[in-house]
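Undergrad: Contents are compact mmCIF, C-alpha atoms; file name entry.txt:
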# COMPACT_ATOMS: atom_id res chain seq x y z
CA MET V 5 1.29 -12.14 7.76
CA ARG V 6 3.37 -10.48 10.36
CA LEU V 7 5.43 -11.98 13.15
CA GLU V 8 4.61 -10.06 16.29
CA LYS V 9 6.38 -9.84 19.60
CA CYS V 10 4.74 -10.95 22.81
CA TRP V 11 4.12 -7.94 25.02
CA PHE V 12 5.15 -9.79 28.13
CA CYS V 13 8.06 -12.02 27.27
CA SER V 14 9.13 -10.51 23.91
CA SER V 15 9.21 -13.81 22.10
CA THR V 16 7.93 -13.99 18.51
CA ILE V 17 4.31 -14.91 18.02
CA TYR V 18 3.78 -17.08 14.97
CA PRO V 19 0.45 -17.11 13.13
CA GLY V 20 -2.21 -19.12 14.88
CA HIS V 21 -0.76 -18.70 18.33
CA GLY V 22 -1.67 -16.59 21.26
CA ILE V 23 -4.29 -14.06 22.19
CA GLN V 24 -4.64 -10.43 21.29
CA PHE V 25 -6.16 -8.19 23.93
CA VAL V 26 -7.56 -4.82 22.88
CA ARG V 27 -7.93 -2.33 25.68
CA ASN V 28 -10.56 0.39 25.54
CA ASP V 29 -7.96 3.02 24.76
CA ALA V 30 -7.27 1.01 21.58
CA LYS V 31 -3.90 -0.26 22.76
CA ILE V 32 -3.33 -3.80 21.55
CA PHE V 33 -1.47 -6.32 23.71
CA ARG V 34 -0.35 -9.51 22.08
CA PHE V 35 0.61 -12.58 24.07
CA CYS V 36 2.39 -15.64 22.82
CA ARG V 37 0.76 -18.05 25.26
CA SER V 38 -1.59 -18.15 28.18
CA LYS V 39 1.31 -17.96 30.66
CA CYS V 40 2.11 -14.44 29.51
CA HIS V 41 -1.59 -13.58 29.27
CA LYS V 42 -2.25 -14.70 32.83
CA ASN V 43 0.75 -12.83 34.14
CA PHE V 44 -0.56 -9.73 32.44
CA LYS V 45 -3.98 -10.20 33.98
CA MET V 46 -2.28 -10.44 37.37
CA LYS V 47 -0.87 -6.99 36.59
CA ARG V 48 2.72 -8.13 36.83
CA ASN V 49 5.35 -5.83 35.43
CA PRO V 50 7.44 -7.72 32.85
CA ARG V 51 10.44 -5.67 33.87
CA LYS V 52 10.32 -7.36 37.25
CA VAL V 53 9.64 -10.91 36.12
CA LYS V 54 12.93 -12.70 35.82
CA TRP V 55 12.37 -14.89 32.77
CA THR V 56 11.22 -12.15 30.41
CA LYS V 57 13.42 -10.48 27.84
CA ALA V 58 12.46 -7.10 29.26
CA TYR V 59 13.99 -7.99 32.62
CA ARG V 60 17.11 -9.45 31.06
CA ARG V 61 17.72 -6.44 28.87
CA LEU V 62 17.07 -4.04 31.69
CA HIS V 63 19.51 -5.80 34.02
CA GLY V 64 22.22 -6.21 31.39
CA LYS V 65 21.94 -9.98 31.18
CA ASP V 66 21.30 -9.92 27.45
CA MET V 67 22.64 -7.78 24.65
CA THR V 68 20.76 -4.53 24.25
CA GLN V 69 22.42 -2.58 21.46
CA ASP V 70 23.61 -4.18 18.30
CA SER V 71 23.42 -3.52 14.59
CA THR V 72 21.67 -6.85 14.01
CA PHE V 73 18.61 -5.49 15.81
CA GLU V 74 18.16 -2.93 13.03
CA PHE V 75 17.12 -5.67 10.65
CA GLU V 76 14.18 -6.61 12.80
CA ARG V 77 12.82 -3.10 13.24
CA LYS V 78 9.14 -2.78 12.52
CA ARG V 79 8.58 -0.95 9.27
CA ASN V 80 5.11 0.24 8.48
CA ARG V 81 5.71 1.21 4.89
CA PRO V 82 4.48 -1.55 2.58
CA GLN V 83 7.04 -2.59 0.02
CA ARG V 84 6.21 -3.34 -3.56
CA TYR V 85 6.91 -6.99 -4.31
CA ASP V 86 10.31 -7.38 -5.91
CA ARG V 87 11.36 -10.94 -6.57
CA ILE V 88 15.08 -10.27 -6.43
CA ASN V 89 14.78 -8.37 -3.17
CA THR V 90 12.64 -11.07 -1.62
CA GLU V 91 15.11 -13.78 -2.53
CA LYS V 92 18.01 -11.76 -1.18
CA VAL V 93 16.15 -11.22 2.08
CA LEU V 94 15.29 -14.90 2.39
CA GLN V 95 18.94 -15.79 1.93
CA ALA V 96 20.11 -13.14 4.37
CA ILE V 97 17.78 -14.09 7.22
CA PRO V 98 19.62 -17.25 8.38
CA LYS V 99 22.99 -15.51 8.14
CA ILE V 100 21.82 -12.57 10.19
CA SER V 101 20.22 -14.77 12.82
CA LYS V 102 23.44 -16.79 13.10
CA VAL V 103 25.51 -13.65 13.60
CA LYS V 104 23.03 -12.38 16.15
CA ALA V 105 23.06 -15.67 18.05
CA THR V 106 26.86 -15.77 18.23
CA ARG V 107 27.00 -12.18 19.41
CA GLU V 108 24.44 -12.83 22.12
CA LYS V 109 26.30 -15.92 23.24
CA ASP V 110 29.56 -13.98 23.40
CA HIS V 111 27.90 -11.30 25.45
CA ILE V 112 26.74 -13.87 27.98
CA THR V 113 30.12 -15.65 28.06
CA LYS V 114 31.86 -12.35 28.64
CA ARG V 115 29.48 -11.55 31.45
CA LEU V 116 29.97 -14.96 33.07
CA SER V 117 33.76 -15.06 32.59
CA VAL V 118 34.26 -12.69 35.50
CA GLY V 119 32.57 -15.24 37.74
CA ARG V 120 34.72 -18.05 36.40
CA VAL V 121 37.92 -16.17 37.20
CA ASN V 122 36.65 -15.35 40.67
CA ARG V 123 35.67 -18.91 41.38
CA LYS V 124 39.04 -20.19 40.29
CA ARG V 125 40.77 -17.67 42.52
CA GLU V 126 38.56 -18.66 45.45
CA ASP V 127 39.22 -22.34 44.88
CA ARG V 128 42.96 -21.75 44.80
CA ARG V 129 42.84 -19.77 48.01
CA GLU V 130 40.74 -22.44 49.69
CA LEU V 131 43.18 -25.09 48.60
CA GLU V 132 46.14 -23.17 49.97
CA GLN V 133 44.45 -22.46 53.27
CA SER V 134 42.61 -25.68 53.94
CA ILE V 135 44.94 -28.33 52.56
CA SER V 136 45.80 -29.06 56.22
CA LEU V 137 42.33 -30.64 56.56
CA VAL V 138 43.30 -33.23 54.02
CA LYS V 139 46.98 -33.76 54.72
CA ALA V 140 49.00 -32.87 57.80
CA PRO V 141 51.46 -30.02 57.19
CA SER V 142 54.41 -32.12 58.27
CA VAL V 143 53.61 -34.68 55.61
CA LEU V 144 53.32 -31.91 53.07
CA LYS V 145 56.75 -30.66 53.85
CA GLU V 146 58.40 -34.06 53.35
CA ASP V 147 56.58 -35.12 50.30
CA ALA V 148 57.03 -33.15 47.14
CA THR V 149 54.04 -34.72 45.35
CA LEU V 150 51.47 -33.24 47.69
CA THR V 151 52.17 -29.65 46.86
CA LEU V 152 49.52 -27.41 45.41
CA PRO V 153 48.85 -27.43 41.67
CA LYS V 154 50.63 -24.21 40.79
CA GLN V 155 54.12 -25.55 41.35
CA LYS V 156 55.27 -28.16 38.93
CA VAL V 157 57.45 -30.73 40.61
CA THR V 158 59.22 -33.63 38.99
CA VAL V 159 58.28 -36.77 40.83
CA SER V 160 60.21 -40.01 40.90
CA TYR V 161 58.28 -43.26 40.64
CA ALA V 162 59.32 -44.54 44.12
CA GLN V 163 57.82 -41.59 45.97
CA THR V 164 54.36 -41.89 44.32
CA GLU V 165 54.18 -45.53 45.43
CA ASN V 166 54.82 -44.47 49.03
CA THR V 167 52.00 -41.93 49.07
CA ARG V 168 49.52 -44.44 47.73
CA MET V 169 50.30 -46.78 50.60
CA GLU V 170 49.68 -44.04 53.15
CA GLU V 171 46.23 -43.29 51.79
CA MET E 20 -24.09 -14.53 43.12
CA ALA E 21 -22.48 -17.72 44.37
CA ALA E 22 -19.25 -18.72 42.70
CA ARG E 23 -19.51 -21.89 40.68
CA PHE E 24 -16.73 -24.46 40.58
CA LEU E 25 -16.46 -25.46 36.95
CA SER E 26 -13.86 -27.56 35.19
CA LYS E 27 -11.53 -25.77 32.84
CA SER E 28 -13.06 -27.47 29.78
CA SER E 29 -16.24 -25.45 29.75
CA SER E 30 -15.33 -22.32 27.90
CA GLY E 31 -18.59 -22.29 25.98
CA CYS E 32 -22.18 -22.11 26.99
CA SER E 33 -23.37 -22.04 30.52
CA LEU E 34 -26.88 -23.35 30.42
CA LEU E 35 -27.25 -22.10 33.97
CA GLY E 36 -28.87 -18.91 32.82
CA ALA E 37 -28.32 -15.61 34.48
CA LEU E 38 -24.57 -15.46 35.03
CA GLY E 39 -22.51 -14.10 32.19
CA THR E 40 -19.18 -14.93 33.76
CA THR E 41 -18.16 -17.75 36.06
CA LEU E 42 -15.15 -18.02 38.30
CA VAL E 43 -12.67 -20.79 37.69
CA GLY E 44 -12.64 -23.15 40.67
CA VAL E 45 -10.57 -22.29 43.69
CA GLY E 46 -9.32 -25.87 43.57
CA SER E 47 -6.97 -25.03 40.72
CA VAL E 48 -5.35 -22.24 42.71
CA ALA E 49 -5.13 -24.37 45.85
CA ARG E 50 -2.89 -26.80 43.95
CA GLU E 51 -0.10 -24.24 43.85
CA THR E 52 1.10 -24.67 47.38
CA THR E 53 4.31 -22.72 46.77
CA SER E 54 2.71 -19.37 45.87
CA LYS E 55 0.49 -17.74 48.41
CA LEU E 56 -3.23 -17.68 47.72
CA ASN E 57 -3.78 -14.23 46.33
CA TYR E 58 -7.45 -13.38 46.04
CA SER E 59 -6.78 -11.00 43.20
CA ASP E 60 -5.43 -14.00 41.23
CA ILE E 61 -8.76 -15.77 41.46
CA PHE E 62 -10.53 -12.59 40.57
CA PHE E 63 -8.59 -12.19 37.36
CA GLN E 64 -8.97 -15.79 36.23
CA GLN E 65 -12.50 -15.36 34.98
CA GLN E 66 -14.09 -17.64 32.48
CA ARG E 67 -15.64 -15.42 29.83
CA THR E 68 -18.77 -16.62 28.05
CA PHE E 69 -21.29 -15.46 25.51
CA VAL E 70 -23.53 -12.43 25.60
CA GLN E 71 -26.84 -13.95 26.71
CA MET E 72 -30.19 -12.95 28.09
CA GLY E 73 -29.53 -10.72 31.05
CA THR E 74 -26.10 -9.50 29.99
CA ASN E 75 -25.54 -5.83 30.60
CA LEU E 76 -23.77 -4.11 27.78
CA LYS E 77 -22.34 -0.67 27.47
CA VAL E 78 -23.62 1.47 24.61
CA VAL E 79 -20.83 3.16 22.70
CA ASP E 80 -22.62 5.45 20.37
CA ASN E 81 -24.54 8.67 20.77
CA SER E 82 -27.98 7.22 20.24
CA GLY E 83 -28.99 8.22 23.77
CA ALA E 84 -28.87 4.89 25.54
CA LYS E 85 -26.18 4.21 28.12
CA ARG E 86 -26.79 0.62 29.19
CA VAL E 87 -28.66 -2.13 27.42
CA MET E 88 -29.64 -5.49 28.80
CA CYS E 89 -29.67 -8.30 26.29
CA ILE E 90 -33.00 -10.07 26.05
CA GLN E 91 -32.27 -12.23 23.05
CA ALA E 92 -29.21 -13.17 21.07
CA LEU E 93 -30.24 -13.68 17.47
CA LYS E 94 -28.78 -16.51 15.45
CA SER E 95 -27.42 -18.64 18.28
CA LYS E 96 -28.83 -20.72 21.06
CA LYS E 97 -25.71 -20.32 23.17
CA GLY E 98 -25.42 -16.60 22.95
CA ALA E 99 -23.99 -13.73 20.99
CA LYS E 100 -20.31 -13.30 20.23
CA LEU E 101 -18.32 -10.42 18.82
CA GLY E 102 -20.06 -9.03 15.77
CA ASP E 103 -23.46 -10.62 16.36
CA ILE E 104 -26.78 -8.83 16.63
CA ILE E 105 -28.77 -8.87 19.83
CA ILE E 106 -32.12 -7.54 20.96
CA GLY E 107 -31.87 -5.50 24.09
CA SER E 108 -33.88 -3.47 26.50
CA VAL E 109 -32.57 -0.02 27.33
CA LYS E 110 -31.95 0.13 31.05
CA GLU E 111 -30.30 3.51 31.31
CA ALA E 112 -30.52 6.40 28.89
CA GLN E 113 -29.46 9.98 28.54
CA PRO E 114 -32.31 12.44 29.03
CA ARG E 115 -32.47 13.76 25.48
CA GLY E 116 -31.68 11.03 23.04
CA LYS E 117 -33.12 9.06 20.20
CA VAL E 118 -33.90 6.11 22.45
CA LYS E 119 -35.51 6.19 25.86
CA LYS E 120 -35.38 3.92 28.86
CA GLY E 121 -37.47 0.83 28.40
CA ASP E 122 -37.18 0.73 24.64
CA VAL E 123 -36.54 -2.56 22.93
CA VAL E 124 -33.72 -2.08 20.46
CA TYR E 125 -31.45 -4.05 18.20
CA GLY E 126 -27.73 -3.85 18.80
CA VAL E 127 -24.48 -5.05 17.29
CA VAL E 128 -21.89 -6.36 19.73
CA VAL E 129 -18.71 -4.42 18.97
CA ARG E 130 -16.65 -5.41 21.98
CA ALA E 131 -16.86 -8.68 23.83
CA ALA E 132 -14.85 -9.92 26.76
CA MET E 133 -15.04 -13.43 25.36
CA GLN E 134 -12.35 -14.14 22.82
CA ARG E 135 -13.31 -14.68 19.25
CA GLY E 136 -11.23 -16.70 16.85
CA ARG E 137 -10.06 -15.08 13.68
CA CYS E 138 -9.51 -16.82 10.37
CA ASP E 139 -5.71 -16.72 10.74
CA GLY E 140 -5.97 -18.73 13.95
CA SER E 141 -5.43 -15.93 16.44
CA HIS E 142 -7.90 -14.83 19.07
CA VAL E 143 -9.02 -11.35 20.06
CA ARG E 144 -10.64 -10.19 23.21
CA PHE E 145 -11.64 -6.80 24.47
CA ASP E 146 -11.89 -5.30 27.89
CA ASP E 147 -15.67 -5.03 28.20
CA ASN E 148 -18.97 -5.83 26.50
CA ALA E 149 -20.17 -3.02 24.29
CA VAL E 150 -22.93 -2.60 21.78
CA VAL E 151 -23.93 -0.14 19.07
CA VAL E 152 -27.66 0.51 18.80
CA VAL E 153 -28.89 -0.37 15.37
CA ASN E 154 -32.19 -0.53 13.51
CA LYS E 155 -33.70 -3.63 12.01
CA GLN E 156 -31.80 -3.17 8.76
CA GLY E 157 -28.49 -3.04 10.57
CA GLU E 158 -27.79 0.67 10.25
CA PRO E 159 -26.65 2.48 13.39
CA ILE E 160 -29.10 4.91 14.93
CA GLY E 161 -26.36 7.12 16.39
CA THR E 162 -23.87 9.19 14.46
CA ARG E 163 -20.68 8.46 16.39
CA VAL E 164 -19.03 5.35 17.71
CA PHE E 165 -16.55 5.46 20.58
CA GLY E 166 -13.65 3.16 21.32
CA PRO E 167 -12.05 0.45 19.22
CA VAL E 168 -14.12 -1.90 17.06
CA PRO E 169 -13.05 -5.18 15.52
CA HIS E 170 -12.79 -5.70 11.80
CA GLU E 171 -15.06 -8.74 12.15
CA LEU E 172 -17.82 -6.24 11.43
CA ARG E 173 -16.73 -5.99 7.82
CA LYS E 174 -17.56 -9.62 7.21
CA LYS E 175 -20.91 -9.15 8.90
CA LYS E 176 -21.60 -6.22 6.59
CA HIS E 177 -21.75 -3.52 9.27
CA VAL E 178 -19.77 -1.18 7.11
CA LYS E 179 -21.39 1.98 8.43
CA ILE E 180 -20.22 1.25 11.97
CA LEU E 181 -16.67 0.72 10.71
CA ALA E 182 -16.84 4.02 8.91
CA LEU E 183 -17.86 5.84 12.08
CA ALA E 184 -15.33 4.08 14.31
CA GLU E 185 -12.34 5.93 15.62
CA HIS E 186 -10.11 2.87 15.79
CA ILE E 187 -10.38 -0.53 14.16
CA ALA E 188 -8.66 -3.29 16.06
Turn the structure described in the file into structure tokens.
TA:
Amino acid sequence: MRLEKCWFCSSTIYPGHGIQFVRNDAKIFRFCRSKCHKNFKMKRNPRKVKWTKAYRRLHGKDMTQDSTFEFERKRNRPQRYDRINTEKVLQAIPKISKVKATREKDHITKRLSVGRVNRKREDRRELEQSISLVKAPSVLKEDATLTLPKQKVTVSYAQTENTRMEE
Amino acid sequence: MAARFLSKSSSGCSLLGALGTTLVGVGSVARETTSKLNYSDIFFQQQRTFVQMGTNLKVVDNSGAKRVMCIQALKSKKGAKLGDIIIGSVKEAQPRGKVKKGDVVYGVVVRAAMQRGRCDGSHVRFDDNAVVVVNKQGEPIGTRVFGPVPHELRKKKHVKILALAEHIA
């Protein structure tokens, strides 16, 4: 039994799933489900189809190089059955997959963190520039509570009551 | 031939005779209103069926024949699948070969466009319909076999063909 990779989306194909297509030049294409198979028949390039792993790796969305990928390399040399080795491997598999998952998640978070910082900066700038749409500038000057979040101002209880009445 | 609008459920026999393949109804494509109607999409969504009377198969050995038309699929009323034996009539042959045009020959289907289920639950399908000319005992008449062959032949006891094959899928 061997867990193959779908040619189109690169997900694992478990036994009993999917279709194997053998071309006349003896190249075998395996598909995990009919969605991938149909996309292949439509001659779509997986590197251009957004939801495939090939696209994501190519465009840097997902991790491409990592030592955890070495464990999943296809090895064609058959190994003699060794009970101790097999048990060690079976114990190692969940650990490795956990490490791999955390590393992939970190890669994505790192990639998205740039956007978070940018959005925060944009929001702050918008607040500074457009606060006049919400409150008149003259009101802002009088009232210390309505300043923008960056500055921390100590507010007395009487002033907060006043602002609530105005709104 | 006119395109037939069939429901998706019929993947098996078409008792309507001559056609070996039928096109899945245009209705299913028309439902996707978001994507534009690409005629190549319909073309590629073919419903593959059995090798039946009238099916043209390519001959992939050096027995002399080039094309064979199936006149009978042995062992099944619906039609022949991958690994089955058929009786065919040679439609096109090379000038100097062991078989001539018009001969009635036996053949083993080594490549079928219709998928065949394997015992582990997976399915295999090939790109075209191909046959190896064989005598009544099941031994190939030619001495070479071209292209990939499935290992379903081992179960059907066509060991000689497997031995001659250049690639076993």
Undergrad: Rounded to one decimal in Å, what is the spacing between atom CA of E:Lys179 and atom CA of E:Ile160?
TA: 10.5 Å
Undergrad: Near E:Pro169, counting only C-alpha atoms, which residues have an atom at most 12 Å away, once you skip same-chain residues fewer than 2 positions from it, shown as a PyMOL selection string?
TA: (chain V and resi 24-28+30+32) or (chain E and resi 100-103+127-131+134-137+142-145+149-150+166-167+171-175+177-178+180-182+184-188)
Undergrad: Print the selection's residues with C-alpha atoms to a file, as a PDB file, keeping the file's coordinate frame.
TA:
ATOM      1  CA  GLN V  24      -4.640 -10.430  21.290  1.00  0.00           C
ATOM      2  CA  PHE V  25      -6.160  -8.190  23.930  1.00  0.00           C
ATOM      3  CA  VAL V  26      -7.560  -4.820  22.880  1.00  0.00           C
ATOM      4  CA  ARG V  27      -7.930  -2.330  25.680  1.00  0.00           C
ATOM      5  CA  ASN V  28     -10.560   0.390  25.540  1.00  0.00           C
ATOM      6  CA  ALA V  30      -7.270   1.010  21.580  1.00  0.00           C
ATOM      7  CA  ILE V  32      -3.330  -3.800  21.550  1.00  0.00           C
TER       8      ILE V  32
ATOM      9  CA  LYS E 100     -20.310 -13.300  20.230  1.00  0.00           C
ATOM     10  CA  LEU E 101     -18.320 -10.420  18.820  1.00  0.00           C
ATOM     11  CA  GLY E 102     -20.060  -9.030  15.770  1.00  0.00           C
ATOM     12  CA  ASP E 103     -23.460 -10.620  16.360  1.00  0.00           C
ATOM     13  CA  VAL E 127     -24.480  -5.050  17.290  1.00  0.00           C
ATOM     14  CA  VAL E 128     -21.890  -6.360  19.730  1.00  0.00           C
ATOM     15  CA  VAL E 129     -18.710  -4.420  18.970  1.00  0.00           C
ATOM     16  CA  ARG E 130     -16.650  -5.410  21.980  1.00  0.00           C
ATOM     17  CA  ALA E 131     -16.860  -8.680  23.830  1.00  0.00           C
ATOM     18  CA  GLN E 134     -12.350 -14.140  22.820  1.00  0.00           C
ATOM     19  CA  ARG E 135     -13.310 -14.680  19.250  1.00  0.00           C
ATOM     20  CA  GLY E 136     -11.230 -16.700  16.850  1.00  0.00           C
ATOM     21  CA  ARG E 137     -10.060 -15.080  13.680  1.00  0.00           C
ATOM     22  CA  HIS E 142      -7.900 -14.830  19.070  1.00  0.00           C
ATOM     23  CA  VAL E 143      -9.020 -11.350  20.060  1.00  0.00           C
ATOM     24  CA  ARG E 144     -10.640 -10.190  23.210  1.00  0.00           C
ATOM     25  CA  PHE E 145     -11.640  -6.800  24.470  1.00  0.00           C
ATOM     26  CA  ALA E 149     -20.170  -3.020  24.290  1.00  0.00           C
ATOM     27  CA  VAL E 150     -22.930  -2.600  21.780  1.00  0.00           C
ATOM     28  CA  GLY E 166     -13.650   3.160  21.320  1.00  0.00           C
ATOM     29  CA  PRO E 167     -12.050   0.450  19.220  1.00  0.00           C
ATOM     30  CA  GLU E 171     -15.060  -8.740  12.150  1.00  0.00           C
ATOM     31  CA  LEU E 172     -17.820  -6.240  11.430  1.00  0.00           C
ATOM     32  CA  ARG E 173     -16.730  -5.990   7.820  1.00  0.00           C
ATOM     33  CA  LYS E 174     -17.560  -9.620   7.210  1.00  0.00           C
ATOM     34  CA  LYS E 175     -20.910  -9.150   8.900  1.00  0.00           C
ATOM     35  CA  HIS E 177     -21.750  -3.520   9.270  1.00  0.00           C
ATOM     36  CA  VAL E 178     -19.770  -1.180   7.110  1.00  0.00           C
ATOM     37  CA  ILE E 180     -20.220   1.250  11.970  1.00  0.00           C
ATOM     38  CA  LEU E 181     -16.670   0.720  10.710  1.00  0.00           C
ATOM     39  CA  ALA E 182     -16.840   4.020   8.910  1.00  0.00           C
ATOM     40  CA  ALA E 184     -15.330   4.080  14.310  1.00  0.00           C
ATOM     41  CA  GLU E 185     -12.340   5.930  15.620  1.00  0.00           C
ATOM     42  CA  HIS E 186     -10.110   2.870  15.790  1.00  0.00           C
ATOM     43  CA  ILE E 187     -10.380  -0.530  14.160  1.00  0.00           C
ATOM     44  CA  ALA E 188      -8.660  -3.290  16.060  1.00  0.00           C
TER      45      ALA E 188
END
Undergrad: Counting all atoms listed in the file, which residues of chain V sit at most 10 Å from some atom of chain E, and what is each one's closest atom pair with its distance in Å to one decimal, listed by chain and rising residue number, as JSON lines?
TA:
{"residue": "V:Met5", "atom": "CA", "partner": "E:Asp139", "partner_atom": "CA", "distance": 8.9}
{"residue": "V:Ile17", "atom": "CA", "partner": "E:Ser141", "partner_atom": "CA", "distance": 9.9}
{"residue": "V:Tyr18", "atom": "CA", "partner": "E:Ser141", "partner_atom": "CA", "distance": 9.4}
{"residue": "V:Pro19", "atom": "CA", "partner": "E:Asp139", "partner_atom": "CA", "distance": 6.6}
{"residue": "V:Gly20", "atom": "CA", "partner": "E:Gly140", "partner_atom": "CA", "distance": 3.9}
{"residue": "V:His21", "atom": "CA", "partner": "E:Ser141", "partner_atom": "CA", "distance": 5.7}
{"residue": "V:Gly22", "atom": "CA", "partner": "E:Ser141", "partner_atom": "CA", "distance": 6.1}
{"residue": "V:Ile23", "atom": "CA", "partner": "E:His142", "partner_atom": "CA", "distance": 4.8}
{"residue": "V:Gln24", "atom": "CA", "partner": "E:Val143", "partner_atom": "CA", "distance": 4.6}
{"residue": "V:Phe25", "atom": "CA", "partner": "E:Arg144", "partner_atom": "CA", "distance": 5.0}
{"residue": "V:Val26", "atom": "CA", "partner": "E:Phe145", "partner_atom": "CA", "distance": 4.8}
{"residue": "V:Arg27", "atom": "CA", "partner": "E:Asp146", "partner_atom": "CA", "distance": 5.4}
{"residue": "V:Asn28", "atom": "CA", "partner": "E:Gly166", "partner_atom": "CA", "distance": 5.9}
{"residue": "V:Asp29", "atom": "CA", "partner": "E:Gly166", "partner_atom": "CA", "distance": 6.7}
{"residue": "V:Ala30", "atom": "CA", "partner": "E:Pro167", "partner_atom": "CA", "distance": 5.4}
{"residue": "V:Lys31", "atom": "CA", "partner": "E:Ala188", "partner_atom": "CA", "distance": 8.8}
{"residue": "V:Ile32", "atom": "CA", "partner": "E:Ala188", "partner_atom": "CA", "distance": 7.7}
{"residue": "V:Phe33", "atom": "CA", "partner": "E:Val143", "partner_atom": "CA", "distance": 9.8}
{"residue": "V:Arg34", "atom": "CA", "partner": "E:Val143", "partner_atom": "CA", "distance": 9.1}
{"residue": "V:Lys42", "atom": "CA", "partner": "E:Gln64", "partner_atom": "CA", "distance": 7.6}
{"residue": "V:Asn43", "atom": "CA", "partner": "E:Asp60", "partner_atom": "CA", "distance": 9.5}
{"residue": "V:Phe44", "atom": "CA", "partner": "E:Phe63", "partner_atom": "CA", "distance": 9.7}
{"residue": "V:Lys45", "atom": "CA", "partner": "E:Phe63", "partner_atom": "CA", "distance": 6.1}
{"residue": "V:Met46", "atom": "CA", "partner": "E:Asp60", "partner_atom": "CA", "distance": 6.1}
{"residue": "V:Lys47", "atom": "CA", "partner": "E:Phe63", "partner_atom": "CA", "distance": 9.3}
Undergrad: Between V:Val93, V:Cys13, V:Leu116, V:Ala140, single out the one closest to V:Lys65, counting all atoms listed in the file.
TA: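 Ranked by minimum distance to V:Lys65, first place goes to V:Leu116.
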Undergrad: Report, in Å to a single decimal, how far apart atom CA of E:Ala92 and atom CA of E:Glu111 are.
TA: 19.6 Å
Undergrad: Can you tell me which residues surround stretch 78-84 of chain E at a distance of at most 9 Å, considering all atoms listed in the file, apart from same-chain residues fewer than 4 positions away, and format the answer as number ranges by chain?
TA: E: 109-120, 126, 129, 148-152, 159-166
Undergrad: So which residues touch stretch 75-90 of chain V within 12 Å, counting only C-alpha atoms, skipping near sequence neighbours fewer than 3 positions away, as number ranges by chain?
TA: V: 6-9, 16, 70-72, 93-97, 99-101, 103-104
Undergrad: Rounded to one decimal in Å, what is the spacing between atom CA of E:Val123 and atom CA of E:Gly107?
TA: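 These two atoms are separated by 5.6 Å.
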Undergrad: Tell me which residues come within 12 Å of (11.1, -13.1, 32.4), as a ChimeraX atom specification, counting all atoms listed in the file in the file's coordinates.
TA: /V:10-15,39-40,43,48-63,65-66
Undergrad: For those residues, write C-alpha atoms to a file as a PDB file, keeping the file's coordinate frame.
TA:
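That gives us selection-v6.pdb:
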ATOM      1  CA  CYS V  10       4.740 -10.950  22.810  1.00  0.00           C
ATOM      2  CA  TRP V  11       4.120  -7.940  25.020  1.00  0.00           C
ATOM      3  CA  PHE V  12       5.150  -9.790  28.130  1.00  0.00           C
ATOM      4  CA  CYS V  13       8.060 -12.020  27.270  1.00  0.00           C
ATOM      5  CA  SER V  14       9.130 -10.510  23.910  1.00  0.00           C
ATOM      6  CA  SER V  15       9.210 -13.810  22.100  1.00  0.00           C
ATOM      7  CA  LYS V  39       1.310 -17.960  30.660  1.00  0.00           C
ATOM      8  CA  CYS V  40       2.110 -14.440  29.510  1.00  0.00           C
ATOM      9  CA  ASN V  43       0.750 -12.830  34.140  1.00  0.00           C
ATOM     10  CA  ARG V  48       2.720  -8.130  36.830  1.00  0.00           C
ATOM     11  CA  ASN V  49       5.350  -5.830  35.430  1.00  0.00           C
ATOM     12  CA  PRO V  50       7.440  -7.720  32.850  1.00  0.00           C
ATOM     13  CA  ARG V  51      10.440  -5.670  33.870  1.00  0.00           C
ATOM     14  CA  LYS V  52      10.320  -7.360  37.250  1.00  0.00           C
ATOM     15  CA  VAL V  53       9.640 -10.910  36.120  1.00  0.00           C
ATOM     16  CA  LYS V  54      12.930 -12.700  35.820  1.00  0.00           C
ATOM     17  CA  TRP V  55      12.370 -14.890  32.770  1.00  0.00           C
ATOM     18  CA  THR V  56      11.220 -12.150  30.410  1.00  0.00           C
ATOM     19  CA  LYS V  57      13.420 -10.480  27.840  1.00  0.00           C
ATOM     20  CA  ALA V  58      12.460  -7.100  29.260  1.00  0.00           C
ATOM     21  CA  TYR V  59      13.990  -7.990  32.620  1.00  0.00           C
ATOM     22  CA  ARG V  60      17.110  -9.450  31.060  1.00  0.00           C
ATOM     23  CA  ARG V  61      17.720  -6.440  28.870  1.00  0.00           C
ATOM     24  CA  LEU V  62      17.070  -4.040  31.690  1.00  0.00           C
ATOM     25  CA  HIS V  63      19.510  -5.800  34.020  1.00  0.00           C
ATOM     26  CA  LYS V  65      21.940  -9.980  31.180  1.00  0.00           C
ATOM     27  CA  ASP V  66      21.300  -9.920  27.450  1.00  0.00           C
TER      28      ASP V  66
END
